[in-house]
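Containing PDB, C-alpha atoms: model07.pdb.
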ATOM      1  CA  MET V  27       0.000   0.000   0.000  1.00  0.00           C
ATOM      2  CA  THR V  28       1.363   3.405  -0.961  1.00  0.00           C
ATOM      3  CA  ASP V  29       0.241   7.010  -0.530  1.00  0.00           C
ATOM      4  CA  GLU V  30      -1.299   6.709  -4.020  1.00  0.00           C
ATOM      5  CA  GLU V  31      -3.612   4.055  -2.567  1.00  0.00           C
ATOM      6  CA  ILE V  32      -4.897   6.534  -0.015  1.00  0.00           C
ATOM      7  CA  ARG V  33      -7.500   8.569  -1.817  1.00  0.00           C
ATOM      8  CA  ALA V  34     -10.105  11.213  -1.152  1.00  0.00           C
ATOM      9  CA  ALA V  35     -13.366   9.582  -0.142  1.00  0.00           C
ATOM     10  CA  VAL V  36     -16.402   9.940  -2.391  1.00  0.00           C
ATOM     11  CA  ALA V  37     -20.105   9.816  -1.566  1.00  0.00           C
ATOM     12  CA  ALA V  38     -20.242   6.075  -2.271  1.00  0.00           C
ATOM     13  CA  ASP V  39     -17.680   5.564   0.530  1.00  0.00           C
ATOM     14  CA  VAL V  40     -19.865   7.107   3.260  1.00  0.00           C
ATOM     15  CA  PRO V  41     -21.343   3.769   4.485  1.00  0.00           C
ATOM     16  CA  ALA V  42     -17.844   2.260   4.671  1.00  0.00           C
ATOM     17  CA  VAL V  43     -16.483   5.357   6.440  1.00  0.00           C
ATOM     18  CA  LYS V  44     -19.224   5.001   9.046  1.00  0.00           C
ATOM     19  CA  ALA V  45     -18.723   1.237   9.385  1.00  0.00           C
ATOM     20  CA  VAL V  46     -14.938   1.471   9.838  1.00  0.00           C
ATOM     21  CA  THR V  47     -15.251   4.394  12.252  1.00  0.00           C
ATOM     22  CA  ASP V  48     -17.860   2.572  14.318  1.00  0.00           C
ATOM     23  CA  ALA V  49     -15.825  -0.654  14.381  1.00  0.00           C
ATOM     24  CA  ALA V  50     -12.667   1.209  15.415  1.00  0.00           C
ATOM     25  CA  TYR V  51     -14.239   3.332  18.157  1.00  0.00           C
ATOM     26  CA  HIS V  52     -16.996   1.065  19.511  1.00  0.00           C
ATOM     27  CA  PRO V  53     -14.713  -0.746  21.993  1.00  0.00           C
ATOM     28  CA  TYR V  54     -14.077   2.574  23.759  1.00  0.00           C
ATOM     29  CA  ILE V  55     -17.713   3.318  24.612  1.00  0.00           C
ATOM     30  CA  GLU V  56     -17.685   1.264  27.791  1.00  0.00           C
ATOM     31  CA  ARG V  57     -14.215   2.397  28.811  1.00  0.00           C
ATOM     32  CA  ILE V  58     -14.795   6.149  28.472  1.00  0.00           C
ATOM     33  CA  GLY V  59     -18.485   6.067  29.379  1.00  0.00           C
ATOM     34  CA  VAL V  60     -19.688   8.032  26.339  1.00  0.00           C
ATOM     35  CA  VAL V  61     -19.889   7.531  22.593  1.00  0.00           C
ATOM     36  CA  PRO V  62     -16.612   8.753  21.047  1.00  0.00           C
ATOM     37  CA  VAL V  63     -17.074  11.917  18.989  1.00  0.00           C
ATOM     38  CA  PRO V  64     -15.945  10.328  15.665  1.00  0.00           C
ATOM     39  CA  MET V  65     -18.872   7.906  15.866  1.00  0.00           C
ATOM     40  CA  ARG V  66     -21.284  10.861  15.968  1.00  0.00           C
ATOM     41  CA  ALA V  67     -19.663  12.758  13.101  1.00  0.00           C
ATOM     42  CA  ASP V  68     -21.578  13.736   9.990  1.00  0.00           C
ATOM     43  CA  HIS V  69     -19.619  11.444   7.686  1.00  0.00           C
ATOM     44  CA  ALA V  70     -21.486  12.528   4.543  1.00  0.00           C
ATOM     45  CA  ALA V  71     -20.716  16.192   5.223  1.00  0.00           C
ATOM     46  CA  ASN V  72     -17.056  15.424   5.951  1.00  0.00           C
ATOM     47  CA  VAL V  73     -16.739  13.452   2.713  1.00  0.00           C
ATOM     48  CA  ALA V  74     -18.501  16.181   0.732  1.00  0.00           C
ATOM     49  CA  ALA V  75     -16.109  18.762   2.229  1.00  0.00           C
ATOM     50  CA  GLY V  76     -13.090  16.748   1.063  1.00  0.00           C
ATOM     51  CA  ARG V  77     -11.914  16.072   4.617  1.00  0.00           C
ATOM     52  CA  VAL V  78     -11.918  12.247   4.476  1.00  0.00           C
ATOM     53  CA  PHE V  79      -9.223  10.061   2.936  1.00  0.00           C
ATOM     54  CA  VAL V  80      -9.609   6.289   2.745  1.00  0.00           C
ATOM     55  CA  THR V  81      -7.534   3.247   2.002  1.00  0.00           C
ATOM     56  CA  GLY V  82      -8.392  -0.275   0.989  1.00  0.00           C
ATOM     57  CA  ASP V  83     -10.965  -1.938  -1.232  1.00  0.00           C
ATOM     58  CA  PRO V  84     -13.113  -2.465   0.691  1.00  0.00           C
ATOM     59  CA  VAL V  85     -12.206   0.491   2.907  1.00  0.00           C
ATOM     60  CA  VAL V  86     -10.194  -0.640   5.957  1.00  0.00           C
ATOM     61  CA  GLY V  87      -8.828   2.678   7.185  1.00  0.00           C
ATOM     62  CA  LEU V  88      -9.399   6.393   7.010  1.00  0.00           C
ATOM     63  CA  VAL V  89      -8.374   9.797   8.268  1.00  0.00           C
ATOM     64  CA  VAL V  90     -10.467  12.919   8.677  1.00  0.00           C
ATOM     65  CA  LEU V  91      -8.392  16.080   8.237  1.00  0.00           C
ATOM     66  CA  GLU V  92      -9.061  19.746   8.775  1.00  0.00           C
ATOM     67  CA  GLU V  93      -6.799  22.411   7.301  1.00  0.00           C
ATOM     68  CA  HIS V  94      -5.951  25.472   9.389  1.00  0.00           C
ATOM     69  CA  ASP V  95      -3.657  28.400   8.612  1.00  0.00           C
ATOM     70  CA  ASP V  96      -0.843  27.086  10.814  1.00  0.00           C
ATOM     71  CA  HIS V  97      -1.461  23.326  11.080  1.00  0.00           C
ATOM     72  CA  LEU V  98      -3.284  20.270   9.798  1.00  0.00           C
ATOM     73  CA  PHE V  99      -5.691  18.872  12.365  1.00  0.00           C
ATOM     74  CA  LEU V 100      -6.048  15.094  12.392  1.00  0.00           C
ATOM     75  CA  ASP V 101      -9.660  14.973  13.517  1.00  0.00           C
ATOM     76  CA  SER V 102      -9.947  11.193  13.379  1.00  0.00           C
ATOM     77  CA  ILE V 103      -8.023   8.126  12.334  1.00  0.00           C
ATOM     78  CA  ALA V 104      -9.798   4.796  12.157  1.00  0.00           C
ATOM     79  CA  VAL V 105      -8.512   1.355  11.221  1.00  0.00           C
ATOM     80  CA  HIS V 106     -10.850  -1.612  11.078  1.00  0.00           C
ATOM     81  CA  PRO V 107      -9.945  -3.983  13.931  1.00  0.00           C
ATOM     82  CA  GLU V 108      -9.694  -6.919  11.508  1.00  0.00           C
ATOM     83  CA  THR V 109      -6.688  -5.235   9.885  1.00  0.00           C
ATOM     84  CA  HIS V 110      -4.773  -4.229  13.011  1.00  0.00           C
ATOM     85  CA  GLY V 111      -1.090  -5.044  12.799  1.00  0.00           C
ATOM     86  CA  GLN V 112      -0.942  -4.756   9.007  1.00  0.00           C
ATOM     87  CA  GLY V 113       0.568  -1.268   8.871  1.00  0.00           C
ATOM     88  CA  VAL V 114      -2.635   0.532   7.847  1.00  0.00           C
ATOM     89  CA  GLY V 115      -2.416   3.058  10.682  1.00  0.00           C
ATOM     90  CA  ARG V 116       1.273   3.709  10.047  1.00  0.00           C
ATOM     91  CA  ARG V 117       0.632   4.379   6.367  1.00  0.00           C
ATOM     92  CA  LEU V 118      -2.267   6.680   7.211  1.00  0.00           C
ATOM     93  CA  LEU V 119      -0.099   8.661   9.635  1.00  0.00           C
ATOM     94  CA  GLN V 120       2.618   8.943   6.984  1.00  0.00           C
ATOM     95  CA  PHE V 121      -0.019  10.186   4.554  1.00  0.00           C
ATOM     96  CA  VAL V 122      -1.106  12.857   7.050  1.00  0.00           C
ATOM     97  CA  ASP V 123       2.487  14.105   7.330  1.00  0.00           C
ATOM     98  CA  ALA V 124       2.858  14.173   3.548  1.00  0.00           C
ATOM     99  CA  ARG V 125      -0.457  15.993   3.170  1.00  0.00           C
ATOM    100  CA  ALA V 126       0.544  18.662   5.699  1.00  0.00           C
ATOM    101  CA  ARG V 127       3.867  19.170   3.932  1.00  0.00           C
ATOM    102  CA  ALA V 128       2.146  19.407   0.538  1.00  0.00           C
ATOM    103  CA  LEU V 129      -0.118  22.095   1.970  1.00  0.00           C
ATOM    104  CA  GLY V 130       2.904  23.954   3.345  1.00  0.00           C
ATOM    105  CA  LEU V 131       1.791  23.473   6.943  1.00  0.00           C
ATOM    106  CA  PRO V 132       4.479  23.202   9.639  1.00  0.00           C
ATOM    107  CA  GLU V 133       2.742  20.794  12.006  1.00  0.00           C
ATOM    108  CA  VAL V 134       0.019  18.240  12.581  1.00  0.00           C
ATOM    109  CA  ARG V 135      -2.192  18.410  15.657  1.00  0.00           C
ATOM    110  CA  LEU V 136      -4.555  15.880  17.155  1.00  0.00           C
ATOM    111  CA  TYR V 137      -6.063  14.836  20.434  1.00  0.00           C
ATOM    112  CA  THR V 138      -7.078  11.554  21.956  1.00  0.00           C
ATOM    113  CA  ASN V 139      -9.205  10.646  24.911  1.00  0.00           C
ATOM    114  CA  ALA V 140      -7.102  10.078  28.023  1.00  0.00           C
ATOM    115  CA  MET V 141      -8.801   6.694  28.445  1.00  0.00           C
ATOM    116  CA  MET V 142      -7.563   5.559  25.025  1.00  0.00           C
ATOM    117  CA  TRP V 143      -4.182   4.644  26.453  1.00  0.00           C
ATOM    118  CA  GLU V 144      -3.206   2.609  23.390  1.00  0.00           C
ATOM    119  CA  ASN V 145      -2.991   5.877  21.452  1.00  0.00           C
ATOM    120  CA  GLN V 146      -0.758   7.398  24.106  1.00  0.00           C
ATOM    121  CA  LYS V 147       1.790   4.703  23.266  1.00  0.00           C
ATOM    122  CA  ILE V 148       1.402   5.030  19.493  1.00  0.00           C
ATOM    123  CA  TYR V 149       1.552   8.778  18.816  1.00  0.00           C
ATOM    124  CA  PRO V 150       4.942   9.455  20.481  1.00  0.00           C
ATOM    125  CA  LYS V 151       6.448   6.678  18.330  1.00  0.00           C
ATOM    126  CA  TYR V 152       5.500   8.754  15.293  1.00  0.00           C
ATOM    127  CA  GLY V 153       6.994  11.994  16.559  1.00  0.00           C
ATOM    128  CA  TYR V 154       4.017  13.507  18.373  1.00  0.00           C
ATOM    129  CA  GLU V 155       4.585  15.378  21.606  1.00  0.00           C
ATOM    130  CA  ILE V 156       2.054  16.151  24.304  1.00  0.00           C
ATOM    131  CA  VAL V 157       0.990  19.792  24.368  1.00  0.00           C
ATOM    132  CA  GLU V 158      -1.656  19.721  27.084  1.00  0.00           C
ATOM    133  CA  ARG V 159      -4.414  17.776  28.751  1.00  0.00           C
ATOM    134  CA  ARG V 160      -7.839  19.404  28.694  1.00  0.00           C
ATOM    135  CA  SER V 161     -11.297  18.330  29.853  1.00  0.00           C
ATOM    136  CA  THR V 162     -14.307  19.491  27.885  1.00  0.00           C
ATOM    137  CA  GLY V 163     -17.655  18.212  29.110  1.00  0.00           C
ATOM    138  CA  PRO V 164     -17.435  14.440  29.475  1.00  0.00           C
ATOM    139  CA  TYR V 165     -14.215  14.254  27.449  1.00  0.00           C
ATOM    140  CA  ASP V 166     -10.753  14.218  29.018  1.00  0.00           C
ATOM    141  CA  ARG V 167      -8.356  14.747  26.120  1.00  0.00           C
ATOM    142  CA  ILE V 168      -4.626  14.746  25.603  1.00  0.00           C
ATOM    143  CA  HIS V 169      -3.568  17.148  22.853  1.00  0.00           C
ATOM    144  CA  TYR V 170      -0.550  16.364  20.667  1.00  0.00           C
ATOM    145  CA  ARG V 171       1.416  18.042  17.941  1.00  0.00           C
ATOM    146  CA  LYS V 172       4.072  16.963  15.516  1.00  0.00           C
ATOM    147  CA  ARG V 173       6.366  19.576  14.038  1.00  0.00           C
ATOM    148  CA  LEU V 174       7.322  18.800  10.470  1.00  0.00           C
ATOM    149  CA  ASP V 175      10.235  21.208   9.985  1.00  0.00           C
TER     150      ASP V 175
END

For this file, write the structure as structure tokens.
Amino acid sequence: MTDEEIRAAVAADVPAVKAVTDAAYHPYIERIGVVPVPMRADHAANVAAGRVFVTGDPVVGLVVLEEHDDHLFLDSIAVHPETHGQGVGRRLLQFVDARARALGLPEVRLYTNAMMWENQKIYPKYGYEIVERRSTGPYDRIHYRKRLD
């Protein structure tokens, strides 16, 4: 799988985007006590806005990105549990870096729920550093950034 195999999602991908997102985030519902925000996202609107990039046929992974003046925000990354350990997440994270660079943005930002401790082990391995921990409503989040310069 290469960056060329990660493509912008189209309307026909919306059911798969929802299915992969739900499969990836569903295990966290019990742990964090609320439905993770990506599961409640308006997937059709995100796809229509060009924010979703997918990989696989059928779709097995995706990222939702939001461009800002000074960074690329990784709103969500989801990998279907049946494909864990196959490098899908790594390739998606590499794609995010390449996308930010292509847009001339100096860093990538993201956050993860503090109860998603698996992510706290993964993101530092890919160059992300903790910026802050912030609680908003029922969500306790750890904010990260990765400088690309």

Explicit residues for the PyMOL selection byres ((chain V and resi 49-62) around 9) (as a PyMOL selection string)
chain V and resi 44-48+63-66+103-107+139-142+164-165

Store the residues picked out above, limited to C-alpha atoms, as a short mmCIF file (atom, residue, chain, number, x, y, z; two decimals), in the frame of the given file.
data_model
loop_
_atom_site.label_atom_id
_atom_site.label_comp_id
_atom_site.auth_asym_id
_atom_site.auth_seq_id
_atom_site.Cartn_x
_atom_site.Cartn_y
_atom_site.Cartn_z
CA LYS V 44 -19.22 5.00 9.05
CA ALA V 45 -18.72 1.24 9.38
CA VAL V 46 -14.94 1.47 9.84
CA THR V 47 -15.25 4.39 12.25
CA ASP V 48 -17.86 2.57 14.32
CA VAL V 63 -17.07 11.92 18.99
CA PRO V 64 -15.94 10.33 15.66
CA MET V 65 -18.87 7.91 15.87
CA ARG V 66 -21.28 10.86 15.97
CA ILE V 103 -8.02 8.13 12.33
CA ALA V 104 -9.80 4.80 12.16
CA VAL V 105 -8.51 1.36 11.22
CA HIS V 106 -10.85 -1.61 11.08
CA PRO V 107 -9.94 -3.98 13.93
CA ASN V 139 -9.20 10.65 24.91
CA ALA V 140 -7.10 10.08 28.02
CA MET V 141 -8.80 6.69 28.44
CA MET V 142 -7.56 5.56 25.02
CA PRO V 164 -17.43 14.44 29.48
CA TYR V 165 -14.22 14.25 27.45
#

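Of the residues under consideration (V:Asp166, V:Ala35, V:Val122, V:Asp95), V:Ala35 shows the shortest atom-to-atom contact distance to V:Asp83 when counting all atoms listed in the file.
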
Starting from the shown file, work through the PyMOL selection byres ((chain V and resi 133) around 8) and note down what comes out as a PyMOL selection string.
chain V and resi 96-98+126+131-132+134-135+171-175

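With only C-alpha atoms as the atoms that count, the minimum distance from V:Tyr137 to the choices V:His169, V:Arg116, V:Arg125, V:Arg159 is reached by V:His169.
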
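Our summary of the geometry notes that atom CA of V:Glu155 is positioned 26.0 Å from atom CA of V:Thr81.
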
Long-range neighbours of V:Gly76 as a PyMOL selection string, 10 Å cut-off, all atoms listed in the file, 4 positions minimum in chain:
chain V and resi 34-36+71-72+90-92

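Reported to one decimal place, the separation of atom CA of V:Tyr154 from atom CA of V:Gly87 is 20.2 Å.
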
Using only C-alpha atoms, which residues sit within 9 Å of V:Val43 once same-chain residues fewer than 6 positions away are excluded, as a list of chain:residue names?
V:Ala35, V:His69, V:Ala70, V:Val73, V:Val78, V:Val80, V:Val85, V:Val86, V:Gly87, V:Leu88, V:Ala104

To test the calculation: enclose all listed atoms of stretch 149-152 of chain V in a box whose edges run along x, y and z, add 3 Å on each side, then state centre and edge lengths in Å to one decimal, as JSON.
{"center_x": 4.0, "center_y": 8.1, "center_z": 17.9, "size_x": 10.9, "size_y": 8.8, "size_z": 11.2}

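Nearest residue to V:Leu100 among V:Gly130, V:Ile156, V:Leu136, V:Leu119 is V:Leu136, counting all atoms listed in the file.
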
Residue contacts of V:Phe121 (8 Å, all atoms listed in the file) excluding same-chain residues fewer than 3 positions away, as a PyMOL selection string:
chain V and resi 29+32+117-118+124-125

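The interatomic distance for the pair atom CA of V:Thr138 and atom CA of V:Ala67 works out to 15.4 Å.
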
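Between V:Leu129 and the candidates V:His94, V:Gly115, V:Gly163, V:Tyr152, the tightest atom-to-atom separation, counting only C-alpha atoms, involves V:His94.
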
Fix up stretch 27-49 of chain V with N, CA and C atoms, then write it as a PDB file, in the coordinates of the input.
ATOM      1  N   MET V  27       0.849  -1.177   0.000  1.00  0.00           N
ATOM      2  CA  MET V  27       0.000   0.000   0.000  1.00  0.00           C
ATOM      3  C   MET V  27       0.893   1.238   0.000  1.00  0.00           C
ATOM      4  N   THR V  28       0.584   2.186  -0.870  1.00  0.00           N
ATOM      5  CA  THR V  28       1.363   3.405  -0.961  1.00  0.00           C
ATOM      6  C   THR V  28       0.449   4.603  -0.746  1.00  0.00           C
ATOM      7  N   ASP V  29       1.047   5.796  -0.669  1.00  0.00           N
ATOM      8  CA  ASP V  29       0.241   7.010  -0.530  1.00  0.00           C
ATOM      9  C   ASP V  29      -0.764   7.121  -1.671  1.00  0.00           C
ATOM     10  N   GLU V  30      -0.392   6.638  -2.879  1.00  0.00           N
ATOM     11  CA  GLU V  30      -1.299   6.709  -4.020  1.00  0.00           C
ATOM     12  C   GLU V  30      -2.561   5.879  -3.757  1.00  0.00           C
ATOM     13  N   GLU V  31      -2.461   4.894  -2.875  1.00  0.00           N
ATOM     14  CA  GLU V  31      -3.612   4.055  -2.567  1.00  0.00           C
ATOM     15  C   GLU V  31      -4.459   4.638  -1.443  1.00  0.00           C
ATOM     16  N   ILE V  32      -4.066   5.782  -0.949  1.00  0.00           N
ATOM     17  CA  ILE V  32      -4.897   6.534  -0.015  1.00  0.00           C
ATOM     18  C   ILE V  32      -5.511   7.636  -0.844  1.00  0.00           C
ATOM     19  N   ARG V  33      -6.814   7.656  -0.906  1.00  0.00           N
ATOM     20  CA  ARG V  33      -7.500   8.569  -1.817  1.00  0.00           C
ATOM     21  C   ARG V  33      -8.580   9.349  -1.088  1.00  0.00           C
ATOM     22  N   ALA V  34      -8.988  10.443  -1.693  1.00  0.00           N
ATOM     23  CA  ALA V  34     -10.105  11.213  -1.152  1.00  0.00           C
ATOM     24  C   ALA V  34     -11.360  10.353  -1.229  1.00  0.00           C
ATOM     25  N   ALA V  35     -12.120  10.332  -0.166  1.00  0.00           N
ATOM     26  CA  ALA V  35     -13.366   9.582  -0.142  1.00  0.00           C
ATOM     27  C   ALA V  35     -14.396  10.256  -1.037  1.00  0.00           C
ATOM     28  N   VAL V  36     -15.291   9.449  -1.577  1.00  0.00           N
ATOM     29  CA  VAL V  36     -16.402   9.940  -2.391  1.00  0.00           C
ATOM     30  C   VAL V  36     -17.700   9.523  -1.722  1.00  0.00           C
ATOM     31  N   ALA V  37     -18.804  10.070  -2.187  1.00  0.00           N
ATOM     32  CA  ALA V  37     -20.105   9.816  -1.566  1.00  0.00           C
ATOM     33  C   ALA V  37     -20.391   8.321  -1.397  1.00  0.00           C
ATOM     34  N   ALA V  38     -19.991   7.519  -2.363  1.00  0.00           N
ATOM     35  CA  ALA V  38     -20.242   6.075  -2.271  1.00  0.00           C
ATOM     36  C   ALA V  38     -19.485   5.423  -1.112  1.00  0.00           C
ATOM     37  N   ASP V  39     -18.467   6.099  -0.584  1.00  0.00           N
ATOM     38  CA  ASP V  39     -17.680   5.564   0.530  1.00  0.00           C
ATOM     39  C   ASP V  39     -18.309   5.839   1.891  1.00  0.00           C
ATOM     40  N   VAL V  40     -19.315   6.695   1.966  1.00  0.00           N
ATOM     41  CA  VAL V  40     -19.865   7.107   3.260  1.00  0.00           C
ATOM     42  C   VAL V  40     -20.275   5.915   4.125  1.00  0.00           C
ATOM     43  N   PRO V  41     -20.996   4.908   3.614  1.00  0.00           N
ATOM     44  CA  PRO V  41     -21.343   3.769   4.485  1.00  0.00           C
ATOM     45  C   PRO V  41     -20.103   3.049   5.036  1.00  0.00           C
ATOM     46  N   ALA V  42     -19.073   2.914   4.214  1.00  0.00           N
ATOM     47  CA  ALA V  42     -17.844   2.260   4.671  1.00  0.00           C
ATOM     48  C   ALA V  42     -17.122   3.123   5.690  1.00  0.00           C
ATOM     49  N   VAL V  43     -17.116   4.443   5.484  1.00  0.00           N
ATOM     50  CA  VAL V  43     -16.483   5.357   6.440  1.00  0.00           C
ATOM     51  C   VAL V  43     -17.168   5.211   7.794  1.00  0.00           C
ATOM     52  N   LYS V  44     -18.477   5.168   7.794  1.00  0.00           N
ATOM     53  CA  LYS V  44     -19.224   5.001   9.046  1.00  0.00           C
ATOM     54  C   LYS V  44     -18.930   3.637   9.665  1.00  0.00           C
ATOM     55  N   ALA V  45     -18.941   2.594   8.867  1.00  0.00           N
ATOM     56  CA  ALA V  45     -18.723   1.237   9.385  1.00  0.00           C
ATOM     57  C   ALA V  45     -17.332   1.085   9.998  1.00  0.00           C
ATOM     58  N   VAL V  46     -16.307   1.584   9.316  1.00  0.00           N
ATOM     59  CA  VAL V  46     -14.938   1.471   9.838  1.00  0.00           C
ATOM     60  C   VAL V  46     -14.782   2.321  11.095  1.00  0.00           C
ATOM     61  N   THR V  47     -15.323   3.525  11.074  1.00  0.00           N
ATOM     62  CA  THR V  47     -15.251   4.394  12.252  1.00  0.00           C
ATOM     63  C   THR V  47     -15.936   3.735  13.440  1.00  0.00           C
ATOM     64  N   ASP V  48     -17.128   3.224  13.227  1.00  0.00           N
ATOM     65  CA  ASP V  48     -17.860   2.572  14.318  1.00  0.00           C
ATOM     66  C   ASP V  48     -17.106   1.353  14.846  1.00  0.00           C
ATOM     67  N   ALA V  49     -16.569   0.542  13.949  1.00  0.00           N
ATOM     68  CA  ALA V  49     -15.825  -0.654  14.381  1.00  0.00           C
ATOM     69  C   ALA V  49     -14.580  -0.269  15.175  1.00  0.00           C
TER      70      ALA V  49
END
